[in-house]
Structures are given as structure tokens and as C-alpha cells.
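**Student:** This is upload-v2.cif (mmCIF, C-alpha atoms).
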```
data_run
#
loop_
_atom_site.group_PDB
_atom_site.id
_atom_site.type_symbol
_atom_site.label_atom_id
_atom_site.label_comp_id
_atom_site.auth_asym_id
_atom_site.auth_seq_id
_atom_site.Cartn_x
_atom_site.Cartn_y
_atom_site.Cartn_z
ATOM 1 C CA MET A 8 -34.995 14.552 30.712
ATOM 2 C CA LYS A 9 -31.493 14.768 32.204
ATOM 3 C CA ARG A 10 -31.621 11.056 33.040
ATOM 4 C CA ASN A 11 -32.511 10.136 29.445
ATOM 5 C CA LEU A 12 -29.689 12.311 28.147
ATOM 6 C CA LEU A 13 -27.271 10.628 30.539
ATOM 7 C CA ILE A 14 -28.409 7.170 29.377
ATOM 8 C CA VAL A 15 -27.895 8.156 25.730
ATOM 9 C CA LEU A 16 -24.453 9.524 26.555
ATOM 10 C CA VAL A 17 -23.436 6.348 28.400
ATOM 11 C CA VAL A 18 -24.710 4.160 25.532
ATOM 12 C CA CYS A 19 -22.790 6.254 22.983
ATOM 13 C CA ILE A 20 -19.576 6.056 25.010
ATOM 14 C CA ALA A 21 -19.984 2.295 25.465
ATOM 15 C CA ALA A 22 -20.639 1.826 21.727
ATOM 16 C CA GLY A 23 -17.571 3.927 20.900
ATOM 17 C CA LEU A 24 -15.389 1.912 23.249
ATOM 18 C CA LEU A 25 -16.671 -1.370 21.794
ATOM 19 C CA TRP A 26 -15.967 -0.120 18.276
ATOM 20 C CA CYS A 27 -12.436 0.962 19.232
ATOM 21 C CA ALA A 28 -11.779 -2.427 20.847
ATOM 22 C CA SER A 29 -13.073 -4.211 17.741
ATOM 23 C CA VAL A 30 -10.900 -2.124 15.413
ATOM 24 C CA PHE A 31 -7.888 -2.577 17.689
ATOM 25 C CA GLY A 32 -8.382 -6.333 17.400
ATOM 26 C CA ARG A 33 -8.539 -6.116 13.596
ATOM 27 C CA ILE A 34 -5.431 -3.962 13.457
ATOM 28 C CA ASN A 35 -3.510 -6.459 15.578
ATOM 29 C CA SER A 36 -4.712 -9.485 13.599
ATOM 30 C CA ALA A 37 -3.173 -8.463 10.263
ATOM 31 C CA ALA A 38 -0.305 -10.697 9.152
ATOM 32 C CA THR A 39 2.011 -11.252 6.219
ATOM 33 C CA THR A 40 0.475 -13.608 3.664
ATOM 34 C CA ASN A 41 1.789 -17.096 4.343
ATOM 35 C CA PRO A 42 2.702 -18.809 2.160
ATOM 36 C CA MET A 43 3.369 -15.809 -0.066
ATOM 37 C CA GLN A 44 2.965 -16.479 -3.770
ATOM 38 C CA GLU A 45 5.211 -14.822 -6.312
ATOM 39 C CA ALA A 46 3.599 -11.626 -7.595
ATOM 40 C CA ASP A 47 4.176 -9.275 -10.517
ATOM 41 C CA VAL A 48 4.966 -6.302 -8.310
ATOM 42 C CA GLY A 49 5.563 -5.180 -4.733
ATOM 43 C CA ILE A 50 3.733 -1.962 -3.812
ATOM 44 C CA ILE A 51 5.378 -0.022 -0.998
ATOM 45 C CA LEU A 52 2.858 2.331 0.582
ATOM 46 C CA GLY A 53 4.169 5.786 1.304
ATOM 47 C CA MET A 54 4.944 7.409 4.622
ATOM 48 C CA ALA A 55 6.609 10.659 5.632
ATOM 49 C CA MET A 56 9.840 11.885 4.169
ATOM 50 C CA TRP A 57 12.312 13.640 6.460
ATOM 51 C CA GLY A 58 13.641 16.246 4.086
ATOM 52 C CA ASP A 59 15.388 14.451 1.223
ATOM 53 C CA LYS A 60 15.434 11.052 2.964
ATOM 54 C CA PRO A 61 12.759 8.524 3.941
ATOM 55 C CA SER A 62 11.737 8.760 7.587
ATOM 56 C CA PRO A 63 12.896 5.855 9.788
ATOM 57 C CA GLY A 64 9.377 4.366 9.566
ATOM 58 C CA LEU A 65 9.351 4.557 5.776
ATOM 59 C CA GLN A 66 12.833 3.072 5.713
ATOM 60 C CA GLU A 67 11.472 0.044 7.607
ATOM 61 C CA ARG A 68 8.914 -0.513 4.832
ATOM 62 C CA LEU A 69 11.610 -0.111 2.189
ATOM 63 C CA ASP A 70 13.993 -2.521 3.902
ATOM 64 C CA TYR A 71 11.266 -5.145 4.232
ATOM 65 C CA GLY A 72 10.310 -4.640 0.584
ATOM 66 C CA LEU A 73 13.965 -5.127 -0.359
ATOM 67 C CA GLU A 74 14.061 -8.345 1.638
ATOM 68 C CA LEU A 75 11.035 -9.723 -0.240
ATOM 69 C CA TYR A 76 12.433 -8.551 -3.583
ATOM 70 C CA ARG A 77 15.739 -10.293 -2.911
ATOM 71 C CA GLU A 78 13.858 -13.463 -1.954
ATOM 72 C CA GLY A 79 12.276 -13.386 -5.431
ATOM 73 C CA LYS A 80 8.716 -12.619 -4.296
ATOM 74 C CA PHE A 81 8.348 -10.021 -7.090
ATOM 75 C CA PRO A 82 10.611 -8.574 -9.819
ATOM 76 C CA ARG A 83 9.419 -4.935 -9.742
ATOM 77 C CA PHE A 84 8.367 -2.242 -7.285
ATOM 78 C CA ILE A 85 5.688 0.400 -7.322
ATOM 79 C CA VAL A 86 6.593 3.095 -4.800
ATOM 80 C CA SER A 87 3.541 5.116 -3.911
ATOM 81 C CA GLY A 88 3.251 8.511 -2.264
ATOM 82 C CA GLY A 89 2.950 12.194 -3.139
ATOM 83 C CA LEU A 90 4.627 15.358 -1.891
ATOM 84 C CA ASP A 91 4.569 15.811 1.895
ATOM 85 C CA ARG A 92 5.418 19.517 1.928
ATOM 86 C CA ALA A 93 5.726 22.176 -0.751
ATOM 87 C CA ASP A 94 9.318 22.914 0.266
ATOM 88 C CA TYR A 95 10.440 19.277 -0.063
ATOM 89 C CA LYS A 96 12.625 18.363 -3.024
ATOM 90 C CA TYR A 97 11.207 14.846 -3.465
ATOM 91 C CA THR A 98 7.821 13.185 -3.269
ATOM 92 C CA GLU A 99 7.562 10.095 -1.085
ATOM 93 C CA ALA A 100 7.750 7.974 -4.244
ATOM 94 C CA GLU A 101 10.895 9.737 -5.473
ATOM 95 C CA GLY A 102 12.518 9.437 -2.058
ATOM 96 C CA MET A 103 11.700 5.722 -1.971
ATOM 97 C CA LYS A 104 13.058 5.214 -5.474
ATOM 98 C CA ASN A 105 16.312 6.986 -4.563
ATOM 99 C CA TYR A 106 16.690 4.759 -1.504
ATOM 100 C CA LEU A 107 16.036 1.553 -3.452
ATOM 101 C CA VAL A 108 18.493 2.543 -6.182
ATOM 102 C CA GLU A 109 21.129 3.236 -3.486
ATOM 103 C CA GLN A 110 20.520 -0.338 -2.279
ATOM 104 C CA GLY A 111 21.218 -1.739 -5.758
ATOM 105 C CA VAL A 112 17.736 -2.023 -7.293
ATOM 106 C CA PRO A 113 17.833 -1.152 -11.024
ATOM 107 C CA GLU A 114 15.907 2.033 -11.856
ATOM 108 C CA ASN A 115 13.918 0.192 -14.532
ATOM 109 C CA ALA A 116 12.555 -2.137 -11.827
ATOM 110 C CA ILE A 117 10.903 0.783 -9.995
ATOM 111 C CA ILE A 118 7.632 2.413 -11.032
ATOM 112 C CA LEU A 119 6.712 5.757 -9.469
ATOM 113 C CA GLU A 120 3.228 6.651 -8.291
ATOM 114 C CA ASP A 121 3.810 10.158 -6.957
ATOM 115 C CA LYS A 122 0.353 11.753 -6.773
ATOM 116 C CA SER A 123 -1.375 9.952 -3.890
ATOM 117 C CA THR A 124 -2.129 11.521 -0.513
ATOM 118 C CA SER A 125 -3.875 8.608 1.260
ATOM 119 C CA THR A 126 -3.823 4.822 1.484
ATOM 120 C CA TYR A 127 -6.894 4.623 -0.746
ATOM 121 C CA GLU A 128 -5.171 6.758 -3.392
ATOM 122 C CA ASN A 129 -1.912 4.788 -2.985
ATOM 123 C CA LEU A 130 -3.734 1.628 -3.984
ATOM 124 C CA ARG A 131 -6.100 3.109 -6.570
ATOM 125 C CA PHE A 132 -3.383 5.002 -8.435
ATOM 126 C CA SER A 133 -0.974 2.048 -8.198
ATOM 127 C CA GLN A 134 -3.667 -0.200 -9.640
ATOM 128 C CA LYS A 135 -3.967 2.093 -12.676
ATOM 129 C CA LEU A 136 -0.221 1.806 -13.233
ATOM 130 C CA MET A 137 -0.448 -1.965 -12.899
ATOM 131 C CA LYS A 138 -3.158 -2.140 -15.552
ATOM 132 C CA ALA A 139 -1.192 0.123 -17.903
ATOM 133 C CA LYS A 140 1.874 -2.122 -17.573
ATOM 134 C CA GLU A 141 -0.111 -5.393 -17.614
ATOM 135 C CA LEU A 142 0.854 -6.344 -14.065
ATOM 136 C CA ASN A 143 -1.806 -8.536 -12.488
ATOM 137 C CA THR A 144 -0.766 -9.400 -8.934
ATOM 138 C CA ALA A 145 0.772 -7.466 -6.065
ATOM 139 C CA VAL A 146 2.265 -7.777 -2.613
ATOM 140 C CA ILE A 147 1.264 -4.708 -0.593
ATOM 141 C CA ILE A 148 4.099 -3.694 1.719
ATOM 142 C CA THR A 149 3.430 -1.664 4.838
ATOM 143 C CA HIS A 150 3.511 -1.881 8.633
ATOM 144 C CA THR A 151 1.526 -4.470 10.560
ATOM 145 C CA PHE A 152 -0.783 -1.903 12.182
ATOM 146 C CA HIS A 153 -1.699 -0.597 8.699
ATOM 147 C CA GLY A 154 -2.153 -3.968 6.992
ATOM 148 C CA GLN A 155 -5.838 -4.684 7.668
ATOM 149 C CA ARG A 156 -7.023 -1.395 6.184
ATOM 150 C CA ALA A 157 -4.678 -1.714 3.206
ATOM 151 C CA LEU A 158 -5.959 -5.223 2.475
ATOM 152 C CA GLU A 159 -9.615 -4.178 2.753
ATOM 153 C CA ILE A 160 -9.030 -1.264 0.383
ATOM 154 C CA ALA A 161 -7.257 -3.522 -2.124
ATOM 155 C CA ARG A 162 -10.177 -5.947 -2.023
ATOM 156 C CA GLU A 163 -12.661 -3.085 -2.440
ATOM 157 C CA LEU A 164 -10.696 -2.024 -5.531
ATOM 158 C CA ASN A 165 -10.851 -5.614 -6.867
ATOM 159 C CA TYR A 166 -7.144 -6.348 -6.759
ATOM 160 C CA ASN A 167 -6.390 -9.841 -8.036
ATOM 161 C CA ARG A 168 -5.544 -11.963 -4.930
ATOM 162 C CA PRO A 169 -3.779 -9.157 -3.021
ATOM 163 C CA GLU A 170 -1.073 -10.315 -0.641
ATOM 164 C CA LEU A 171 0.393 -8.532 2.357
ATOM 165 C CA GLY A 172 4.033 -8.052 3.280
ATOM 166 C CA LEU A 173 3.948 -6.563 6.773
ATOM 167 C CA THR A 174 6.741 -5.420 9.039
ATOM 168 C CA ASP A 175 6.628 -4.449 12.696
ATOM 169 C CA SER A 176 8.156 -1.140 13.672
ATOM 170 C CA GLN A 177 11.134 -0.719 15.948
ATOM 171 C CA VAL A 178 11.233 3.080 15.562
ATOM 172 C CA MET A 179 7.642 4.331 15.871
ATOM 173 C CA SER A 180 5.402 4.798 18.889
ATOM 174 C CA MET A 181 2.754 2.100 18.607
ATOM 175 C CA LEU A 182 0.465 3.963 21.010
ATOM 176 C CA LYS A 183 0.467 6.936 18.647
ATOM 177 C CA TYR A 184 0.222 5.010 15.385
ATOM 178 C CA LYS A 185 -2.335 2.425 16.502
ATOM 179 C CA THR A 186 -4.530 5.174 17.961
ATOM 180 C CA ARG A 187 -4.231 7.048 14.679
ATOM 181 C CA GLU A 188 -4.996 3.863 12.762
ATOM 182 C CA ILE A 189 -8.223 3.323 14.739
ATOM 183 C CA LEU A 190 -9.350 6.763 13.531
ATOM 184 C CA ALA A 191 -8.146 6.123 9.962
ATOM 185 C CA TYR A 192 -9.865 2.722 9.869
ATOM 186 C CA THR A 193 -13.108 4.284 11.136
ATOM 187 C CA LYS A 194 -12.865 6.947 8.425
ATOM 188 C CA TRP A 195 -12.254 4.203 5.823
ATOM 189 C CA LYS A 196 -15.354 2.256 6.907
ATOM 190 C CA MET A 197 -17.442 5.418 6.586
ATOM 191 C CA GLN A 198 -15.900 6.165 3.183
ATOM 192 C CA GLN A 199 -16.620 2.600 2.074
ATOM 193 C CA LEU A 200 -20.352 3.202 2.537
ATOM 194 C CA PHE A 201 -20.260 5.722 -0.313
ATOM 195 C CA LEU A 202 -18.107 3.777 -2.811
#
```
Take the structure in this file and express it as C-alpha cells.
**Tutor:**
Amino acid sequence: MKRNLLIVLVVCIAAGLLWCASVFGRINSAATTNPMQEADVGIILGMAMWGDKPSPGLQERLDYGLELYREGKFPRFIVSGGLDRADYKYTEAEGMKNYLVEQGVPENAIILEDKSTSTYENLRFSQKLMKAKELNTAVIITHTFHGQRALEIARELNYNRPELGLTDSQVMSMLKYKTREILAYTKWKMQQLFL
């Protein structure tokens, strides 16, 4: 009996390790769409605020979004993310909008999606705003480690030819965030079974 239990345990551990290796490979294979087509909107996926300001990681997404915007890849932004903490003054979306306006983006070129609390909600709620404003195509802007899951969610939601704008991080611990992304990706695949 103990031997059978040990065999089952070893098989489960091996299967878990294989799954983690597979997901790690997917995470590392995500890349910016090339060539990138012009889109109606760039969607910047939310990340933590640090008080009234975007965290350094979120600022990386914003700066890369600004770069694409200035290259003419899209004329408008959707900034997507809800309130991190009850005592914060701004939602992620409001903090992102403030940052973009400080960098010279006109307020009327920024659409706020400030209710979402997950990547799935970021993209689902942003898609509703796109439909309401008759925007058909999007570049999804996030970090490289997050790109594969974001793209799969966009496809699940039937985005029209979703494109990725991905930036590497110079300020975040990749060990921490890639480990977290393996768990988040696993959760997404389980969630996908029930959609």
C-alpha cells in the first residue's frame, strides 16, 4: 500500500514539474507582434499603484505604450485596472491616465476602465468599452512574462486580430513574477474549462 502511494506521489510530482516546465516555456515564448499593424486602440493592462503613482513595473508598461502611441501604432488608449486598496486615491486606470496626461497625451485620447481586478476582467471590460465606442482592433500592452496569457484570454473573448506590445522589465524580480505567472496561467487554464 505504501509503495503504491509513493508511486502515485512521484507521478504527481513529475506531472507537476512537466506542467511547470511547459508553462515556463510558453511564458518565455511570448513576443511583440511583428510586424505590428495599426490598431484602433492600445490597451495597457493594469498593475499595482504605489500610492498616487504607478509602480515602477506599471510605469514600464506605460512608457512602452507611449512609445507605440508616438510611433503611430494606435491613436487612443484604454487604461485598465481597478482600485488596489481602499485607502488609495486613484484606481490603476486613473493613475495610468494621470501619468499619460503628464507625458503629453490628450485626455480625450484616454479611455478609463477602472473596475477590473484581473487580467480576464481587464480584457473583458475593455472589450465592452471598445464595442461601445466602435473600436475594432487593439494592441494589448503588458510585460513579456504576461503576454501569452493575455493573448490567450483575448482570443477566448474573440478579440479581432489581437496584437501584443510586450516590454521586458528592468525593475521587477523575474523569479518572483515568472513563478507567479506559472500559477496564474494554471488558474487561467482551469478557468477556461468553464467558459
**Student:** Do you know which residues the PyMOL selection byres ((chain A and resi 104) around 8) returns on this file, as a PyMOL selection string?
**Tutor:** chain A and resi 86+100-103+105-108+114+117+119
**Student:** Determine the residue set returned by the PyMOL selection byres ((chain A and resi 64-66) around 10) for the present structure, and present it as a PDB file with C-alpha atoms, in the frame of the given file.
**Tutor:**
```
ATOM      1  CA  ILE A  51       5.378  -0.022  -0.998  1.00  0.00           C
ATOM      2  CA  LEU A  52       2.858   2.331   0.582  1.00  0.00           C
ATOM      3  CA  GLY A  53       4.169   5.786   1.304  1.00  0.00           C
ATOM      4  CA  MET A  54       4.944   7.409   4.622  1.00  0.00           C
ATOM      5  CA  ALA A  55       6.609  10.659   5.632  1.00  0.00           C
ATOM      6  CA  MET A  56       9.840  11.885   4.169  1.00  0.00           C
ATOM      7  CA  TRP A  57      12.312  13.640   6.460  1.00  0.00           C
ATOM      8  CA  LYS A  60      15.434  11.052   2.964  1.00  0.00           C
ATOM      9  CA  PRO A  61      12.759   8.524   3.941  1.00  0.00           C
ATOM     10  CA  SER A  62      11.737   8.760   7.587  1.00  0.00           C
ATOM     11  CA  PRO A  63      12.896   5.855   9.788  1.00  0.00           C
ATOM     12  CA  GLU A  67      11.472   0.044   7.607  1.00  0.00           C
ATOM     13  CA  ARG A  68       8.914  -0.513   4.832  1.00  0.00           C
ATOM     14  CA  LEU A  69      11.610  -0.111   2.189  1.00  0.00           C
ATOM     15  CA  ASP A  70      13.993  -2.521   3.902  1.00  0.00           C
ATOM     16  CA  TYR A  71      11.266  -5.145   4.232  1.00  0.00           C
ATOM     17  CA  GLY A  72      10.310  -4.640   0.584  1.00  0.00           C
ATOM     18  CA  GLU A  99       7.562  10.095  -1.085  1.00  0.00           C
ATOM     19  CA  GLY A 102      12.518   9.437  -2.058  1.00  0.00           C
ATOM     20  CA  MET A 103      11.700   5.722  -1.971  1.00  0.00           C
ATOM     21  CA  TYR A 106      16.690   4.759  -1.504  1.00  0.00           C
ATOM     22  CA  LEU A 107      16.036   1.553  -3.452  1.00  0.00           C
ATOM     23  CA  THR A 149       3.430  -1.664   4.838  1.00  0.00           C
ATOM     24  CA  HIS A 150       3.511  -1.881   8.633  1.00  0.00           C
ATOM     25  CA  ASP A 175       6.628  -4.449  12.696  1.00  0.00           C
ATOM     26  CA  SER A 176       8.156  -1.140  13.672  1.00  0.00           C
ATOM     27  CA  GLN A 177      11.134  -0.719  15.948  1.00  0.00           C
ATOM     28  CA  VAL A 178      11.233   3.080  15.562  1.00  0.00           C
ATOM     29  CA  MET A 179       7.642   4.331  15.871  1.00  0.00           C
TER      30      MET A 179
END
```
**Student:** For Phe81 (chain A), which of A:Gln199, A:Asn129, A:Asn143, A:Ser29 is the closest residue, counting all atoms listed in the file?
**Tutor:**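 Checking each of A:Gln199, A:Asn129, A:Asn143, A:Ser29 against Phe81 (chain A), counting all atoms listed in the file, the winner is A:Asn143.
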**Student:** Would you give the centre and edge lengths, in Å to one decimal, of a box along x, y and z around the listed atoms of region 111-125 of chain A, with 5 Å added to each side, as AutoDock Vina command-line options?
**Tutor:**
```
--center_x 8.7 --center_y 4.8 --center_z -6.6 --size_x 35.1 --size_y 23.9 --size_z 25.8
```
**Student:** How many Å separate CA of Gly79 (chain A) from CA of Lys140 (chain A)?
**Tutor:**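 Between CA of Gly79 (chain A) and CA of Lys140 (chain A) the gap works out to 19.6 Å.
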